[in-house]
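Novice: I have a structure here, written as structure tokens, and I will follow up with some questions on it.
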Amino acid sequence: MNTGQKPAAFTIRILRNFTIEHIEPALKSFGEQFGLPVQVQFGAFDSVVQDILSLPESRELGAPDLVVVALNLDSFAGGLWTPGWNMESTKAALQNIFDLLVKHFSGLAIVNTFIPSFFISRPALGAEALGGRPAAVQELNSFIRSCVASNPARLALVDWDILAMGLGEREVMDYRFGYMMKAPFKTAFLDAIGREIIRIARCLRDAPKKVLVADCDNTLWGGVIGEDGLEGIKLDPFTYPGVAYHNFQFDLLALREQGVLLCLCSKNNEADVWEVLERHPHCLLKREHLSGWRINWEDKAGNLEALALKLNLGLESFVFIDDNPQECERVRQAMPQVTVVPVPEKLFELPRYILRQGLFDALTVSHEDRQRARLYREEGRRVTGREAHQTLEEYLASLQMVADVHEMRPEEQARVAQLTQRTNQFNLTTQRYSEVDIRRIAADHDMMIFTLSVSDKFGELGLVGILIFSRQRQLVTVDSFLLSCRVIGRKLEDAFLAASLDRLAREWDFVTVRAAYQPTAKNTLVAGLWPAFGMGVISMEAGSTIFGATREQLRVTVPEFIRVSNTNNDKPDSKRTD
Amino acid sequence: MARVFEVPSSAISDQASPQTVAQWDSLRHMNLILALEGEFKIEFSDQEIPEIFSLQRIEQAVERGLAACK
């Protein structure tokens with residue numbers, strides 16, 4: 001992401017109660033495959049609690065980027081079914097580990113469910129299912145899943161239960177080395193665990209893909225609409241291969257629910273495609289689910305570029321799926337940033353195909369994610385509205401924008417962290433923060449986070465801007481300043497900065513303001529921002545330019561066409577008392 | 001053996017054992033067992049595994065395994 005330098009290795013520390021060292025090659029090779037060089041450390045054998053307690057406090061002191069606690073039930077809490085084993089003390093021991101992780105490690109920790117029972121010990125007895133080992137494992141696994149679900153910012157799950165069922169006993173259990181060397185799992189199972197760990201690690205480092213662009217003929221449905229007609233194409237959920245396409249469309253809608261924007265790019269007569277979406281009885285995808293489309297006979301690479309421009313998103317956040325190898329190759333060559341996914345030859349693999357690739361993996365789905373597709377539809381209307389207006393100023397005035405600027409509220413932390421991780425273009429310093437980092441900053445008396453939420457006559461745009469300030473005596477430094485690409489070009493940066501400085505002046509007594517521009521491959525848009533606000537260059541430090549100005553020298557005002565409201569400027573807060 | 005222990009093959013003498021080869025720990029012993037079993041399509045018995053800690057004993061065990069296959 002950053003300018004050219006090799007990313008530092010991502011450190012994963014595995015705390016465990018069995019021999020798991022042979023997972024290391026899998027972690028390294030999957031890491032490499034996903035562009036995430038990893039370094040793996042192992043805790044001492046069966047000393048999970050002690051190892052959690054002795055985790056270094058910060059990354060500077062050697063804390064890992066990710067902690068994995070790997071627990072095998074057979075040797076946990078005394079061992080299942082040993083005399084004295086009981087469900088409640090096992091749950092308490094698990095709960096204790098989760099609590100300690102949250103308390104002693106500020107990053108994300110991965111835990112696991114337990115492997116299922118692979119054989120039936122007493123055939124034909126319902127009692128086995130009711131009270132035996134399978135039931136115990138199920139109860140513990142439900143308990144673990146709900147513990148993780150209740151703290152998604154700090155705990156993540158690799159669901160061994162599901163992975164083990166997928167592979168089966170022969171690929172999972174190594175009874176020989178399990179008994180002889182306390183290494184109970186085969187390499188195939190450890191590989192599967194390693195892959196899931198890397199999938200999660202990747203979410204911590206990389207921005208997820210945002211847009212899925214699909215071809216139509218033989219991708220959304222079987223056949224060619226222009227030739228086979230509405231009756232001839234295959235999209236019927238009761239016959240093969242129609243059902244494969246039907247289920248694929250179902251996946252698309254599920255992705256849209258997660259905040260992925262759906263677009264079409266097809267060589268077709270536009271009216272033919274709309275006929276399918278509007279009139280085919282089994283077509284799940286409708287026009288209102290789409291954030292953009294280019295249905296014409298032009299080059300697909302150019303069409304993708306046009307879509308990127310329309311959505312104001314970089315091509316590296318695009319995934320393109322097409323059944324035609326030539327089209328796939330053309331896009332791959334013309335725009336290597338786009339992830340190209342060919343429709344699988346075995347059509348029955350098409351459902352879940354995109355989901356399995358993990359391209360759209362994200363650790364949490366925020367309210368904004370769920371609203372995104374709707375927001376982008378409104379953006380489409382805004383752009384259309386633009387053409388009717390003469391000057392930019394008139395157009396912006398016609399939007400009737402209201403900017404809500406306030407100090408970050410606790411419920412906004414997840415969205416704030418997410419924006420710092422995703423925003424590339426309007427981002428002055430490109431500091432990436434986790435939710436934990438954001439909480440730490442919020443608690444710091446010498447730092448302040450302001451958020452910008454915008455609405456206009458078309459609707460809510462949500463939380464779209466962040467400003468983070470820090471202070472040293474009478475000097476205020478702008479740590480981060482970023483706007484979502486949804487609102488670039490609306491002069492909202494002026495309103496946001498002016499209103500925030502205004503608010504800041506009420507809390508802190510400051511004389512000068514310092515701010516940096518840290519250039520990256522994507523943020524040249526804002527290279528001239530600080531000078532435009534009346535700030536002068538002070539120095540160059542490690543690739544970034546440092547600007548400074550006294551409060552009097554700053555030229556930041558709220559544009560006339562933006563109304564600023566602040567909804568909470570009255571909350572008494574201990575950190576305000578200087 | 002050299003590949004499993006990540007040492008030059010010259011370091012594996014006839015007298016090689018966990019005492020003389022520092023890399024020969026219990027984990028790599030497991031890897032060695034798996035590599036030999038895969039290579040010769042044999043399976044060591046549970047008595048053999050903790051005993052084959054020298055080149056000579058490995059050879060004997062592999063021969064036993066191959067003979068058992070016939």
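The chains in the structure tokens are called A, B, ... from first to last as shown; in each chain the residues are counted from 1, and the ligands are counted from 1 in the order shown.
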So which residues of segment 176-327 of chain A fall under alpha helix (DSSP H) by DSSP, listed as a count of residues only?
Specialist: 74
Novice: Quick check: residues of chain B within 12 Å of chain A, only C-alpha atoms, returned as a PyMOL selection string.
Specialist: chain B and resi 25-31+33-34+43-50
Novice: Skipping near chain neighbours, those fewer than 2 positions away, what residues fall within 6 Å of Gly465 of chain A using only C-alpha atoms, listed as a ChimeraX atom specification?
Specialist: /A:451-452,482-483
Novice: Would you mind exporting the chosen residues as a PDB file, in the first residue's frame, restricted to C-alpha atoms?
Specialist:
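selection.pdb, written as the output of this step:
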ATOM      1  CA  THR A 451     -15.810  13.114  12.653  1.00  0.00           C
ATOM      2  CA  LEU A 452     -17.733  14.500   9.711  1.00  0.00           C
ATOM      3  CA  LEU A 482      -9.116  12.146   5.472  1.00  0.00           C
ATOM      4  CA  LEU A 483     -12.352  12.171   3.516  1.00  0.00           C
TER       5      LEU A 483
END
Novice: Write out as a list in words which residues come within 10 Å of Lys41 of chain B when counting only C-alpha atoms, dropping same-chain ones fewer than 3 positions away.
Specialist: Leu34, Ala35, Leu36, Glu37, Gly38, Val62, Gly65, Leu66 and Cys69 of chain B
Novice: Leaving out Phe53 of chain B and any residue of its chain fewer than 4 positions from it, which residues lie within 8 Å of it when counting only C-alpha atoms, given as a PDB file with N, CA and C atoms, in the first residue's frame?
Specialist:
ATOM      1  N   SER B  17      23.284 -39.000  14.971  1.00  0.00           N
ATOM      2  CA  SER B  17      22.242 -39.298  15.963  1.00  0.00           C
ATOM      3  C   SER B  17      21.747 -37.954  16.498  1.00  0.00           C
ATOM      4  N   PRO B  18      20.671 -37.958  17.261  1.00  0.00           N
ATOM      5  CA  PRO B  18      20.206 -36.688  17.832  1.00  0.00           C
ATOM      6  C   PRO B  18      21.288 -35.999  18.664  1.00  0.00           C
ATOM      7  N   ARG B  57      20.099 -47.875  12.193  1.00  0.00           N
ATOM      8  CA  ARG B  57      18.780 -48.366  12.607  1.00  0.00           C
ATOM      9  C   ARG B  57      17.700 -47.980  11.603  1.00  0.00           C
ATOM     10  N   ILE B  58      17.868 -46.816  10.992  1.00  0.00           N
ATOM     11  CA  ILE B  58      16.908 -46.413   9.964  1.00  0.00           C
ATOM     12  C   ILE B  58      16.948 -47.404   8.815  1.00  0.00           C
TER      13      ILE B  58
END
Novice: Give me the residues near Arg439 of chain A as a list in words, where near means some atom within 10 Å (using only C-alpha atoms) and where sequence neighbours in that chain fewer than 3 positions away do not count.
Specialist: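 Here the answer would be Pro410, Gln413, Ala414, Ala417, Tyr433, Ser434, Glu435, Val436, Ala442, Ala443 and Asp444 of chain A.
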Novice: When DSSP works through the backbone of this structure, what residues of segment 94-336 of chain A end up as strand (DSSP E), shown as a VMD selection string?
Specialist: chain A and resid 108 to 112 155 to 158 211 to 214 261 to 266 290 to 295 318 to 322
Novice: Extract, using only C-alpha atoms, all DNA, RNA and protein residues at most 10 Å from Gly302 of chain A, discarding same-chain residues fewer than 5 positions from it, and format them as an NGL selection string.
Specialist: :A and (294 or 307-308 or 331 or 334-335)
Novice: For atom CA of Asp322 of chain A and atom CA of Lys300 of chain A, quote the distance in Å rounded to one decimal.
Specialist: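 Computing it gives 10.5 Å between the two atoms.
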